[in-house]
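Undergrad: Quick one, input.tsv (TSV, C-alpha atoms):
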chain	number	residue	atom	x	y	z
A	85	MET	CA	-76.08	41.28	-8.12
A	86	ASP	CA	-73.68	43.65	-6.49
A	87	SER	CA	-75.35	43.18	-3.12
A	88	ALA	CA	-75.09	39.37	-3.10
A	89	PRO	CA	-71.62	39.17	-1.57
A	90	SER	CA	-72.60	41.69	1.11
A	91	ASP	CA	-75.39	39.33	2.33
A	92	LEU	CA	-72.78	36.85	3.53
A	93	PRO	CA	-71.55	37.08	7.13
A	94	PRO	CA	-68.25	38.86	7.56
A	95	SER	CA	-66.65	35.78	9.06
A	96	THR	CA	-67.48	33.49	6.15
A	97	VAL	CA	-64.69	34.53	3.84
A	98	PRO	CA	-61.92	34.35	6.44
A	99	ALA	CA	-63.20	30.96	7.59
A	100	THR	CA	-63.15	29.65	4.05
A	101	HIS	CA	-59.62	30.97	3.62
A	102	ASP	CA	-58.39	29.29	6.83
A	103	THR	CA	-59.89	25.97	5.75
A	104	SER	CA	-58.07	26.11	2.45
A	105	GLN	CA	-54.78	26.84	4.23
A	106	GLU	CA	-55.32	23.97	6.62
A	107	GLU	CA	-56.05	21.59	3.76
A	108	HIS	CA	-52.95	22.81	2.00
A	109	PHE	CA	-50.53	22.09	4.89
A	110	VAL	CA	-51.97	18.79	6.18
A	111	PRO	CA	-50.66	15.93	3.97
A	112	SER	CA	-53.20	13.41	2.83
A	113	ILE	CA	-52.68	9.67	2.95
A	114	SER	CA	-52.60	9.56	-0.84
A	115	ASP	CA	-49.21	11.30	-0.73
A	116	ASP	CA	-47.62	8.32	1.05
A	117	GLN	CA	-45.93	5.63	-0.98
A	118	GLU	CA	-45.95	1.88	-0.56
A	119	ILE	CA	-42.50	0.33	-0.04
A	120	ILE	CA	-41.65	-3.33	0.35
A	121	CYS	CA	-39.20	-4.11	3.16
A	122	TRP	CA	-36.21	-5.97	1.81
A	123	GLY	CA	-35.82	-7.91	5.06
A	124	CYS	CA	-39.24	-9.53	5.53
A	125	GLY	CA	-41.11	-8.62	2.34
A	126	LEU	CA	-43.92	-6.78	4.11
A	127	ARG	CA	-45.51	-3.71	2.50
A	128	LEU	CA	-44.89	-0.48	4.38
A	129	LEU	CA	-46.78	2.79	3.91
A	130	LEU	CA	-44.27	5.59	4.37
A	131	SER	CA	-43.86	9.22	3.58
A	132	PRO	CA	-41.80	9.96	0.47
A	133	TYR	CA	-39.55	12.11	2.65
A	134	ALA	CA	-38.48	9.12	4.78
A	135	ALA	CA	-35.09	8.35	3.25
A	136	ILE	CA	-34.01	5.96	6.02
A	137	PHE	CA	-36.52	3.85	7.88
A	138	LYS	CA	-36.60	0.75	10.07
A	139	CYS	CA	-39.08	-2.06	9.74
A	140	SER	CA	-41.18	-2.52	12.89
A	141	TRP	CA	-41.41	-6.28	12.34
A	142	CYS	CA	-37.97	-7.60	11.37
A	143	GLY	CA	-35.91	-4.55	12.42
A	144	ALA	CA	-34.13	-4.19	9.07
A	145	ILE	CA	-32.90	-0.71	8.14
A	146	THR	CA	-33.50	0.57	4.62
A	147	ASN	CA	-31.63	3.51	3.13
A	148	GLN	CA	-33.30	4.75	-0.02
A	149	ASN	CA	-30.47	7.20	-0.73
A	150	ALA	CA	-27.81	4.46	-0.85
A	151	TRP	CA	-26.11	4.07	-4.19
A	152	ARG	CA	-23.58	1.66	-5.63
A	153	SER	CA	-20.32	2.95	-7.01
A	154	ASP	CA	-18.67	1.17	-9.91
A	155	ASN	CA	-15.38	-0.44	-8.92
A	156	LYS	CA	-13.69	-0.64	-12.31
A	157	TYR	CA	-10.20	-1.37	-11.01
A	158	PHE	CA	-11.11	-4.17	-8.59
A	159	TRP	CA	-8.99	-6.89	-10.24
A	160	TRP	CA	-6.09	-4.49	-10.68
A	161	LYS	CA	-6.16	-3.73	-6.95
A	162	ARG	CA	-6.25	-7.44	-6.12
A	163	PHE	CA	-3.29	-8.02	-8.44
A	164	GLN	CA	-1.33	-5.23	-6.74
A	165	ASP	CA	-2.10	-6.67	-3.30
A	166	ARG	CA	-0.91	-10.15	-4.28
A	167	CYS	CA	2.25	-8.77	-5.86
A	168	PHE	CA	3.01	-6.83	-2.69
A	169	VAL	CA	2.45	-9.95	-0.59
A	170	SER	CA	4.85	-11.87	-2.85
A	171	VAL	CA	7.48	-9.16	-2.43
A	172	LEU	CA	7.10	-9.33	1.34
A	173	LEU	CA	7.52	-13.11	1.29
A	174	VAL	CA	10.72	-12.73	-0.75
A	175	PHE	CA	11.93	-10.11	1.73
A	176	MET	CA	11.24	-12.45	4.66
A	177	PHE	CA	13.11	-15.32	3.04
A	178	PHE	CA	16.03	-12.98	2.32
A	179	MET	CA	16.09	-11.84	5.94
A	180	ILE	CA	16.04	-15.46	7.12
A	181	CYS	CA	18.60	-16.93	4.72
A	182	GLY	CA	20.85	-13.86	4.72
A	183	GLY	CA	20.78	-13.59	8.48
A	184	ILE	CA	21.65	-17.25	9.06
A	185	TRP	CA	24.43	-17.06	6.46
A	186	ALA	CA	25.84	-13.89	8.04
A	187	ILE	CA	25.77	-14.87	11.71
A	188	TYR	CA	26.62	-18.55	11.75
A	189	PRO	CA	30.47	-18.11	11.61
A	190	VAL	CA	30.34	-15.69	14.53
A	191	VAL	CA	28.00	-17.65	16.79
A	192	PHE	CA	29.74	-20.96	16.12
A	193	SER	CA	33.11	-19.36	16.81
A	194	ILE	CA	31.92	-18.64	20.37
A	195	SER	CA	30.82	-22.20	21.08
A	196	TYR	CA	29.07	-25.04	19.36
A	197	PHE	CA	26.20	-24.95	21.85
A	198	CYS	CA	25.69	-21.19	21.33
A	199	GLY	CA	25.57	-21.67	17.58
A	200	ILE	CA	23.00	-24.46	17.78
A	201	VAL	CA	20.74	-22.48	20.12
A	202	THR	CA	20.99	-19.31	18.02
A	203	ILE	CA	20.20	-21.05	14.72
A	204	THR	CA	17.36	-23.05	16.28
A	205	LEU	CA	15.70	-19.94	17.66
A	206	ALA	CA	16.09	-18.22	14.30
A	207	ILE	CA	14.44	-21.14	12.48
A	208	LEU	CA	11.55	-21.36	14.95
A	209	LEU	CA	10.85	-17.64	14.78
A	210	SER	CA	11.04	-17.74	10.99
A	211	ILE	CA	8.58	-20.61	10.72
A	212	SER	CA	6.10	-18.97	13.11
A	213	THR	CA	6.30	-15.65	11.25
A	214	ILE	CA	5.83	-17.16	7.79
A	215	VAL	CA	2.98	-19.46	8.88
A	216	THR	CA	1.02	-16.71	10.65
A	217	PHE	CA	1.64	-14.31	7.76
A	218	SER	CA	0.38	-16.88	5.23
A	219	LEU	CA	-2.73	-17.58	7.31
A	220	SER	CA	-3.46	-13.85	7.59
A	221	ALA	CA	-2.89	-13.17	3.90
A	222	PHE	CA	-4.46	-16.19	2.19
A	223	ARG	CA	-7.24	-17.09	4.63
A	224	CYS	CA	-10.74	-15.70	4.18
A	225	ALA	CA	-11.22	-12.71	6.45
A	226	GLY	CA	-14.64	-13.90	7.57
A	227	ALA	CA	-17.81	-14.13	5.51
A	228	PRO	CA	-21.02	-13.24	7.36
A	229	PRO	CA	-23.34	-16.15	8.14
A	230	ILE	CA	-26.22	-16.90	5.78
A	231	ILE	CA	-29.54	-16.01	7.39
A	232	PRO	CA	-33.10	-16.20	5.99
A	233	TRP	CA	-34.52	-12.97	4.64
A	234	CYS	CA	-37.02	-11.46	2.19
A	235	SER	CA	-39.86	-13.74	3.34
A	236	TYR	CA	-42.38	-12.89	6.07
A	237	PRO	CA	-43.17	-16.41	7.34
A	238	ILE	CA	-39.47	-17.24	7.65
A	239	VAL	CA	-38.17	-13.98	9.15
A	240	GLY	CA	-39.40	-13.70	12.72
A	241	LYS	CA	-39.92	-10.72	14.95
A	242	GLY	CA	-36.63	-8.82	15.19
A	243	GLY	CA	-34.82	-11.43	13.09
A	244	LEU	CA	-32.90	-8.75	11.18
A	245	GLU	CA	-32.48	-6.19	13.96
A	246	ASN	CA	-30.30	-3.28	12.74
A	247	TYR	CA	-29.35	-5.19	9.58
A	248	THR	CA	-28.74	-3.24	6.39
A	249	TYR	CA	-28.73	-4.30	2.75
A	250	CYS	CA	-25.43	-4.55	0.88
A	251	LEU	CA	-25.88	-3.31	-2.69
A	252	TYR	CA	-22.65	-4.99	-3.81
A	253	CYS	CA	-23.22	-8.49	-2.38
A	254	SER	CA	-27.07	-8.35	-2.60
A	255	ARG	CA	-27.47	-9.83	0.86
A	256	PRO	CA	-28.13	-8.69	4.45
A	257	LYS	CA	-25.32	-7.04	6.35
A	258	SER	CA	-25.12	-7.21	10.14
A	259	PRO	CA	-24.18	-4.14	12.22
A	260	ARG	CA	-20.60	-5.42	12.67
A	261	THR	CA	-20.18	-6.34	9.01
A	262	HIS	CA	-18.61	-4.00	6.48
A	263	HIS	CA	-18.13	-4.28	2.75
A	264	CYS	CA	-14.55	-3.99	1.54
A	265	SER	CA	-14.17	-2.57	-1.94
A	266	SER	CA	-10.63	-3.94	-2.23
A	267	CYS	CA	-11.65	-7.53	-1.42
A	268	GLY	CA	-15.06	-7.28	-3.07
A	269	MET	CA	-16.94	-8.96	-0.20
A	270	CYS	CA	-18.61	-8.30	3.12
A	271	VAL	CA	-16.36	-9.07	6.11
A	272	LEU	CA	-17.70	-10.00	9.53
A	273	ASN	CA	-16.16	-7.99	12.41
A	274	MET	CA	-13.95	-6.17	9.93
A	275	ASP	CA	-11.05	-4.33	11.55
A	276	HIS	CA	-9.33	-2.84	8.50
A	277	HIS	CA	-7.93	-3.73	5.10
A	278	CYS	CA	-4.22	-4.28	5.51
A	279	PRO	CA	-2.12	-3.72	2.37
A	280	PHE	CA	0.82	-5.62	3.87
A	281	ILE	CA	-1.11	-8.90	3.84
A	282	GLY	CA	-3.27	-7.95	0.83
A	283	ASN	CA	-6.37	-8.98	2.75
A	284	CYS	CA	-8.92	-7.72	5.21
A	285	VAL	CA	-8.54	-8.36	8.92
A	286	GLY	CA	-11.82	-9.83	10.12
A	287	ALA	CA	-13.40	-12.46	12.32
A	288	SER	CA	-11.56	-15.42	10.74
A	289	ASN	CA	-8.01	-14.10	10.52
A	290	HIS	CA	-7.84	-11.39	13.19
A	291	ARG	CA	-6.25	-13.76	15.70
A	292	CYS	CA	-3.71	-14.92	13.09
A	293	PHE	CA	-2.91	-11.29	12.28
A	294	ILE	CA	-2.19	-10.47	15.93
A	295	LEU	CA	-0.03	-13.60	16.26
A	296	PHE	CA	1.83	-12.55	13.11
A	297	LEU	CA	2.53	-9.11	14.59
A	298	ILE	CA	3.77	-10.64	17.84
A	299	SER	CA	5.98	-13.11	15.99
A	300	ALA	CA	7.28	-10.46	13.57
A	301	VAL	CA	8.14	-7.99	16.33
A	302	THR	CA	9.91	-10.72	18.33
A	303	SER	CA	11.82	-11.86	15.23
A	304	THR	CA	12.93	-8.35	14.27
A	305	VAL	CA	14.13	-7.63	17.82
A	306	TYR	CA	16.05	-10.91	17.75
A	307	VAL	CA	17.58	-10.07	14.35
A	308	THR	CA	18.55	-6.59	15.54
A	309	ILE	CA	20.39	-7.93	18.58
A	310	ILE	CA	22.13	-10.81	16.80
A	311	SER	CA	23.14	-8.75	13.76
A	312	ALA	CA	24.55	-5.97	15.95
A	313	TYR	CA	26.49	-8.51	18.03
A	314	ALA	CA	27.87	-10.27	14.94
A	315	ALA	CA	28.74	-7.00	13.20
A	316	LEU	CA	30.82	-5.84	16.17
A	317	HIS	CA	32.94	-9.00	15.89
A	318	ILE	CA	33.70	-8.73	12.16
A	319	TRP	CA	33.71	-4.96	11.71
A	320	PRO	CA	37.10	-3.48	10.71
A	321	PRO	CA	38.81	-1.35	13.36
A	322	VAL	CA	37.79	2.30	13.40
A	323	LEU	CA	41.00	4.38	13.34
A	324	TYR	CA	40.81	8.07	14.13
A	325	LYS	CA	43.16	10.66	15.54
A	326	PRO	CA	42.11	11.85	19.01
A	327	LEU	CA	42.02	15.60	19.47
A	328	ASP	CA	43.92	17.38	22.24
A	329	LEU	CA	41.61	19.10	24.71
A	330	LEU	CA	42.75	22.17	26.63
A	331	ASN	CA	42.78	21.75	30.40
A	332	GLY	CA	40.54	18.71	30.12
A	333	LEU	CA	37.53	20.88	29.27
A	334	VAL	CA	35.31	19.91	26.36
A	335	SER	CA	33.83	22.79	24.45
A	336	ASN	CA	31.00	22.54	21.93
A	337	GLN	CA	33.36	23.04	19.01
A	338	ALA	CA	35.76	20.36	20.23
A	339	ALA	CA	32.90	17.89	20.80
A	340	PHE	CA	31.60	18.55	17.30
A	341	ARG	CA	35.04	18.01	15.77
A	342	THR	CA	35.52	14.78	17.72
A	343	THR	CA	32.14	13.44	16.62
A	344	LYS	CA	32.86	14.40	13.02
A	345	GLU	CA	36.25	12.64	13.13
A	346	ILE	CA	34.74	9.45	14.56
A	347	LEU	CA	31.96	9.47	11.95
A	348	PHE	CA	34.37	9.86	9.05
A	349	ALA	CA	36.59	7.14	10.49
A	350	PHE	CA	33.59	4.84	10.73
A	351	LEU	CA	32.66	5.53	7.09
A	352	ARG	CA	36.27	4.87	6.00
A	353	SER	CA	36.19	1.53	7.79
A	354	THR	CA	33.27	0.40	5.60
A	355	LEU	CA	35.66	0.31	2.64
A	356	PHE	CA	37.31	-2.74	4.19
A	357	LEU	CA	34.03	-4.38	5.17
A	358	SER	CA	33.35	-7.88	3.86
A	359	PRO	CA	30.09	-8.83	2.08
A	360	ARG	CA	29.00	-10.58	5.25
A	361	GLY	CA	29.41	-7.32	7.14
A	362	PHE	CA	27.29	-5.42	4.57
A	363	VAL	CA	24.52	-7.99	4.97
A	364	LEU	CA	24.67	-7.63	8.75
A	365	ALA	CA	24.52	-3.83	8.50
A	366	TYR	CA	21.50	-4.03	6.20
A	367	LEU	CA	19.79	-6.53	8.49
A	368	PHE	CA	20.34	-4.27	11.48
A	369	ILE	CA	18.90	-1.17	9.77
A	370	ALA	CA	15.97	-3.01	8.15
A	371	SER	CA	14.97	-4.95	11.26
A	372	ALA	CA	15.21	-1.87	13.50
A	373	SER	CA	12.96	0.18	11.22
A	374	VAL	CA	10.45	-2.64	10.70
A	375	GLU	CA	10.18	-3.44	14.40
A	376	ILE	CA	9.32	0.18	15.21
A	377	GLY	CA	6.45	0.26	12.72
A	378	LEU	CA	5.11	-3.17	13.61
A	379	GLY	CA	5.46	-2.43	17.32
A	380	VAL	CA	3.27	0.67	17.02
A	381	LEU	CA	0.67	-1.31	15.01
A	382	LEU	CA	0.71	-4.15	17.55
A	383	TRP	CA	0.24	-1.76	20.46
A	384	GLN	CA	-2.70	-0.10	18.69
A	385	GLN	CA	-4.35	-3.46	17.98
A	386	LEU	CA	-3.90	-4.63	21.57
A	387	CYS	CA	-5.49	-1.41	22.83
A	388	TYR	CA	-8.53	-2.02	20.62
A	389	ILE	CA	-8.80	-5.61	21.84
A	390	TYR	CA	-8.61	-4.40	25.44
A	391	GLU	CA	-11.49	-2.02	24.75
A	392	GLY	CA	-13.47	-4.79	23.04
A	393	LYS	CA	-13.58	-2.92	19.73
A	394	THR	CA	-12.20	-3.03	16.23
A	395	TYR	CA	-10.60	-0.20	14.30
A	396	LEU	CA	-13.79	0.55	12.35
A	397	SER	CA	-16.01	0.39	15.43
A	398	HIS	CA	-13.57	2.72	17.15
A	399	LEU	CA	-13.95	5.23	14.33
A	400	SER	CA	-17.72	4.99	14.08
A	401	SER	CA	-20.09	6.20	16.76
A	402	ARG	CA	-22.05	2.94	16.71
A	403	GLU	CA	-21.30	0.77	19.75
A	404	SER	CA	-20.57	-2.88	19.10
A	405	ASP	CA	-22.86	-5.55	20.52
A	406	GLY	CA	-21.67	-6.75	23.93
A	407	ALA	CA	-18.42	-4.79	23.67
A	408	GLY	CA	-17.07	-1.43	24.63
A	409	GLN	CA	-16.00	-2.33	28.16
A	410	ARG	CA	-12.32	-2.14	29.01
A	411	ASP	CA	-11.44	-5.42	30.63
A	412	CYS	CA	-8.65	-7.98	30.47
A	413	GLN	CA	-11.31	-10.62	29.83
A	414	ASN	CA	-11.48	-9.25	26.29
A	415	PHE	CA	-8.02	-10.74	25.70
A	416	VAL	CA	-9.21	-14.10	27.01
A	417	ARG	CA	-12.25	-14.04	24.74
A	418	PHE	CA	-10.16	-12.94	21.77
A	419	PHE	CA	-7.38	-15.52	22.06
A	420	SER	CA	-9.55	-18.38	23.35
A	421	CYS	CA	-10.04	-21.31	20.99
A	422	ALA	CA	-13.56	-21.63	19.64
A	423	HIS	CA	-13.45	-25.45	19.80
A	424	SER	CA	-12.31	-27.90	22.42
A	425	SER	CA	-8.76	-29.18	22.23
A	426	SER	CA	-10.08	-32.74	21.91
A	427	ARG	CA	-11.30	-31.83	18.42
A	428	TYR	CA	-7.72	-31.85	17.15
A	429	LEU	CA	-6.72	-35.12	18.88
A	430	PRO	CA	-6.76	-38.50	17.16
A	431	ASN	CA	-9.87	-40.63	17.48
A	432	ILE	CA	-8.24	-43.06	19.91
A	433	TRP	CA	-7.41	-40.15	22.25
A	434	LYS	CA	-10.95	-38.83	21.94
A	435	SER	CA	-12.38	-42.19	22.98
A	436	ARG	CA	-10.13	-42.27	26.01
A	437	SER	CA	-11.17	-38.79	27.06
A	438	ARG	CA	-14.87	-39.78	27.23
A	439	PRO	CA	-16.39	-40.71	30.58
A	440	TYR	CA	-16.19	-44.42	31.26
A	441	THR	CA	-19.87	-45.37	31.76
A	442	VAL	CA	-21.43	-48.76	32.66
A	443	SER	CA	-22.92	-49.17	29.18
A	444	ARG	CA	-19.51	-48.75	27.57
A	445	PHE	CA	-18.06	-51.30	29.98
A	446	LEU	CA	-20.79	-53.85	29.09
A	447	ASN	CA	-20.25	-53.24	25.38
A	448	PHE	CA	-16.55	-53.85	25.87
A	449	LEU	CA	-17.24	-57.19	27.62
A	450	SER	CA	-19.58	-58.35	24.88
A	451	TYR	CA	-17.02	-57.36	22.27
A	452	ARG	CA	-14.35	-59.48	23.99
A	453	LYS	CA	-16.69	-62.48	24.22
A	454	ARG	CA	-17.50	-62.35	20.52
A	455	HIS	CA	-13.82	-62.22	19.57
A	456	LYS	CA	-12.88	-65.10	21.91
A	457	LYS	CA	-15.42	-67.34	20.21
For the structure just supplied, provide its representation as structure tokens.

TA:
Amino acid sequence: MDSAPSDLPPSTVPATHDTSQEEHFVPSISDDQEIICWGCGLRLLLSPYAAIFKCSWCGAITNQNAWRSDNKYFWWKRFQDRCFVSVLLVFMFFMICGGIWAIYPVVFSISYFCGIVTITLAILLSISTIVTFSLSAFRCAGAPPIIPWCSYPIVGKGGLENYTYCLYCSRPKSPRTHHCSSCGMCVLNMDHHCPFIGNCVGASNHRCFILFLISAVTSTVYVTIISAYAALHIWPPVLYKPLDLLNGLVSNQAAFRTTKEILFAFLRSTLFLSPRGFVLAYLFIASASVEIGLGVLLWQQLCYIYEGKTYLSHLSSRESDGAGQRDCQNFVRFFSCAHSSSRYLPNIWKSRSRPYTVSRFLNFLSYRKRHKK
């Protein structure tokens, strides 16, 4: 019995050992798991280690490691956003009413025509700013279109290319769609969530948001100029004692003392300032600070539009579809109207804009004959 193992060839044991190692490292097909694609409903046989995979039929991307976080304070955030928007509307109305009340005596004292032009421009800028702000804040940012999914006969080849599944909305999400936790919805071509309008900036209100920034920056520059001009006319005289300079030379100490004297004299003059002057001073400081911030934001947005991107696509490494080229045509595509201008004209104007064909002419003649009888 002891000699039985010695009868085997020397290479048998190592060969058996190599076979066992090979069977140990090569995965069998029984280790794979069957997963149903959420996009087309087809069964896929994948390795359990494939956390992210793409369906070869519909092109949908599935992330098995995705998880949904509980947004407990969603309604509280929405309430805060709406309160902030209400505060901004009150601030705008204060700027408009306070500015008109503060400047009208000064501009009308120059001439009646100057007063009419100044007040008219102020009203037009105010209306444009409030309308564009309201459209940006209270208009839907852009819901993604409803497309068929989860059914193989309906979803065609590549019908959901690079689409992902939104765990919050339980619907497909295109590559340029992002879910906003503050708004609680998926937004098409989402740029960012703006707390100043309490809404997302997306495909539906992005143009309104840019127009609001342009109107707001123009209005604040206008308020800064007019308030400064009006304040100079009603500001009390600044009285200060000039300092004697030796040999006409200005030293650093003398310049500092002169500046200090002028500053204190200016502060003393505010004691005799009327309420109208305080309103003008506040308007000047507020409009100057707001126009700087909005101007930087407007410049950033225009740069993204020139590049054919949004803020989120600029941050992510994923290139947007048909975008990414720096061209002035991106401005034309962005600000162009999606529908023809005849859509907004009355029906009688639409009928006149149609081509005058022979059939329409014959119908018109028959119509006249019937009415004459």

Undergrad: Pull the closest atom pair for each residue of region 275-352 of chain A that gets at most 12 Å from region 237-260 of chain A, along with the distance in Å to one decimal, counting all atoms listed in the file, ordering rows by chain and then ascending residue number, as JSON lines.

TA:
{"residue": "A:Asp275", "atom": "CA", "partner": "A:Arg260", "partner_atom": "CA", "distance": 9.7}
{"residue": "A:Gly286", "atom": "CA", "partner": "A:Arg260", "partner_atom": "CA", "distance": 10.2}
{"residue": "A:Ala287", "atom": "CA", "partner": "A:Arg260", "partner_atom": "CA", "distance": 10.1}

Undergrad: Would you kindly return, as a PDB file with C-alpha atoms, keeping the file's coordinate frame, each protein, DNA or RNA residue with an atom no farther than 10 Å from any atom of Gly125 (chain A), considering only C-alpha atoms and excluding same-chain residues fewer than 4 positions away?

TA:
ATOM      1  CA  ILE A 119     -42.500   0.330  -0.040  1.00  0.00           C
ATOM      2  CA  ILE A 120     -41.650  -3.330   0.350  1.00  0.00           C
ATOM      3  CA  CYS A 121     -39.200  -4.110   3.160  1.00  0.00           C
ATOM      4  CA  CYS A 142     -37.970  -7.600  11.370  1.00  0.00           C
ATOM      5  CA  TRP A 233     -34.520 -12.970   4.640  1.00  0.00           C
ATOM      6  CA  CYS A 234     -37.020 -11.460   2.190  1.00  0.00           C
ATOM      7  CA  SER A 235     -39.860 -13.740   3.340  1.00  0.00           C
ATOM      8  CA  TYR A 236     -42.380 -12.890   6.070  1.00  0.00           C
ATOM      9  CA  PRO A 237     -43.170 -16.410   7.340  1.00  0.00           C
ATOM     10  CA  VAL A 239     -38.170 -13.980   9.150  1.00  0.00           C
TER      11      VAL A 239
END

Undergrad: Measuring atom to atom with only C-alpha atoms, identify which of A:Ala338, A:Ile207, A:Leu129, A:Leu172 is nearest to Tyr306 (chain A).

TA: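 Of the candidates, the smallest distance to Tyr306 (chain A) is held by A:Ile207.
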
Undergrad: What separation in Å, quoted to one decimal, exists between CA of Leu128 (chain A) and CA of Ser140 (chain A)?

TA: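 That distance, rounded to one decimal, is 9.5 Å.
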
Undergrad: Please list as a PDB file with C-alpha atoms, in the coordinates of the input every residue within 12 Å of Leu208 (chain A), counting all atoms listed in the file and excluding residues in the same chain fewer than 5 positions away.

TA:
ATOM      1  CA  ILE A 180      16.040 -15.460   7.120  1.00  0.00           C
ATOM      2  CA  VAL A 201      20.740 -22.480  20.120  1.00  0.00           C
ATOM      3  CA  THR A 202      20.990 -19.310  18.020  1.00  0.00           C
ATOM      4  CA  ILE A 203      20.200 -21.050  14.720  1.00  0.00           C
ATOM      5  CA  THR A 213       6.300 -15.650  11.250  1.00  0.00           C
ATOM      6  CA  ILE A 214       5.830 -17.160   7.790  1.00  0.00           C
ATOM      7  CA  VAL A 215       2.980 -19.460   8.880  1.00  0.00           C
ATOM      8  CA  SER A 299       5.980 -13.110  15.990  1.00  0.00           C
ATOM      9  CA  ALA A 300       7.280 -10.460  13.570  1.00  0.00           C
ATOM     10  CA  THR A 302       9.910 -10.720  18.330  1.00  0.00           C
ATOM     11  CA  SER A 303      11.820 -11.860  15.230  1.00  0.00           C
ATOM     12  CA  TYR A 306      16.050 -10.910  17.750  1.00  0.00           C
TER      13      TYR A 306
END

Undergrad: Extract, using all atoms listed in the file, all DNA, RNA and protein residues at most 9 Å from Gly182 (chain A), discarding same-chain residues fewer than 4 positions from it, and format them as a PyMOL selection string.

TA: chain A and resi 177-178+186-187+360+363-364+367

Undergrad: Go through A:Ile310, A:Ile136, A:Ile298, A:Ala150 one by one, measure the shortest atom-to-atom distance of each to Gly199 (chain A) using all atoms listed in the file, and give the residue with the smallest value.

TA: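 The closest residue to Gly199 (chain A) is A:Ile310.
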
Undergrad: Need the shell around Tyr395 (chain A): protein/DNA/RNA residues with any atom at most 12 Å away, counting only C-alpha atoms. Skip same-chain ones fewer than 3 positions apart. Format as a list of chain:residue names?

TA: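 Contacts, with the query itself left out: A:Arg260, A:His262, A:Asn273, A:Met274, A:Asp275, A:His276, A:His277, A:Cys278, A:Cys284, A:Val285, A:Gly286, A:His290, A:Leu381, A:Gln384, A:Gln385, A:Leu386, A:Cys387, A:Tyr388, A:Ile389, A:Glu391, A:Gly392, A:His398, A:Leu399, A:Ser400, A:Ser401, A:Ser404.
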
Undergrad: Quote the spacing between CA of Ser358 (chain A) and CA of Val374 (chain A) in Å to one decimal place.

TA: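 Calculated distance between CA of Ser358 (chain A) and CA of Val374 (chain A) is 24.5 Å.
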
Undergrad: Output as a PDB file, in the coordinates of the input: region 409-413 of chain A, completed with all heavy atoms.

TA:
ATOM      1  N   GLN A 409     -16.454  -2.378  26.785  1.00  0.00           N
ATOM      2  CA  GLN A 409     -16.000  -2.330  28.160  1.00  0.00           C
ATOM      3  C   GLN A 409     -14.518  -2.700  28.222  1.00  0.00           C
ATOM      4  O   GLN A 409     -14.116  -3.724  27.679  1.00  0.00           O
ATOM      5  CB  GLN A 409     -16.817  -3.277  29.033  1.00  0.00           C
ATOM      6  CG  GLN A 409     -18.286  -2.920  29.117  1.00  0.00           C
ATOM      7  CD  GLN A 409     -19.066  -3.872  30.003  1.00  0.00           C
ATOM      8  OE1 GLN A 409     -18.515  -4.853  30.490  1.00  0.00           O
ATOM      9  NE2 GLN A 409     -20.332  -3.582  30.209  1.00  0.00           N
ATOM     10  N   ARG A 410     -13.748  -1.874  28.876  1.00  0.00           N
ATOM     11  CA  ARG A 410     -12.320  -2.140  29.010  1.00  0.00           C
ATOM     12  C   ARG A 410     -12.105  -3.176  30.092  1.00  0.00           C
ATOM     13  O   ARG A 410     -12.377  -2.932  31.266  1.00  0.00           O
ATOM     14  CB  ARG A 410     -11.579  -0.848  29.332  1.00  0.00           C
ATOM     15  CG  ARG A 410     -11.691   0.216  28.252  1.00  0.00           C
ATOM     16  CD  ARG A 410     -10.841   1.423  28.577  1.00  0.00           C
ATOM     17  NE  ARG A 410     -10.891   2.416  27.519  1.00  0.00           N
ATOM     18  CZ  ARG A 410     -10.178   3.534  27.525  1.00  0.00           C
ATOM     19  NH1 ARG A 410      -9.379   3.798  28.555  1.00  0.00           N
ATOM     20  NH2 ARG A 410     -10.268   4.383  26.519  1.00  0.00           N
ATOM     21  N   ASP A 411     -11.606  -4.324  29.684  1.00  0.00           N
ATOM     22  CA  ASP A 411     -11.440  -5.420  30.630  1.00  0.00           C
ATOM     23  C   ASP A 411     -10.421  -6.380  30.045  1.00  0.00           C
ATOM     24  O   ASP A 411     -10.351  -6.585  28.817  1.00  0.00           O
ATOM     25  CB  ASP A 411     -12.774  -6.130  30.863  1.00  0.00           C
ATOM     26  CG  ASP A 411     -12.702  -7.110  32.024  1.00  0.00           C
ATOM     27  OD1 ASP A 411     -11.637  -7.159  32.674  1.00  0.00           O
ATOM     28  OD2 ASP A 411     -13.682  -7.818  32.272  1.00  0.00           O
ATOM     29  N   CYS A 412      -9.626  -6.988  30.922  1.00  0.00           N
ATOM     30  CA  CYS A 412      -8.650  -7.980  30.470  1.00  0.00           C
ATOM     31  C   CYS A 412      -9.325  -9.262  29.982  1.00  0.00           C
ATOM     32  O   CYS A 412      -8.688 -10.064  29.285  1.00  0.00           O
ATOM     33  CB  CYS A 412      -7.677  -8.308  31.605  1.00  0.00           C
ATOM     34  SG  CYS A 412      -6.580  -6.941  32.063  1.00  0.00           S
ATOM     35  N   GLN A 413     -10.601  -9.459  30.333  1.00  0.00           N
ATOM     36  CA  GLN A 413     -11.310 -10.620  29.830  1.00  0.00           C
ATOM     37  C   GLN A 413     -11.494 -10.555  28.313  1.00  0.00           C
ATOM     38  O   GLN A 413     -11.740 -11.583  27.674  1.00  0.00           O
ATOM     39  CB  GLN A 413     -12.682 -10.728  30.512  1.00  0.00           C
ATOM     40  CG  GLN A 413     -12.618 -11.090  31.982  1.00  0.00           C
ATOM     41  CD  GLN A 413     -12.038 -12.483  32.209  1.00  0.00           C
ATOM     42  OE1 GLN A 413     -12.242 -13.386  31.414  1.00  0.00           O
ATOM     43  NE2 GLN A 413     -11.304 -12.639  33.309  1.00  0.00           N
TER      44      GLN A 413
END
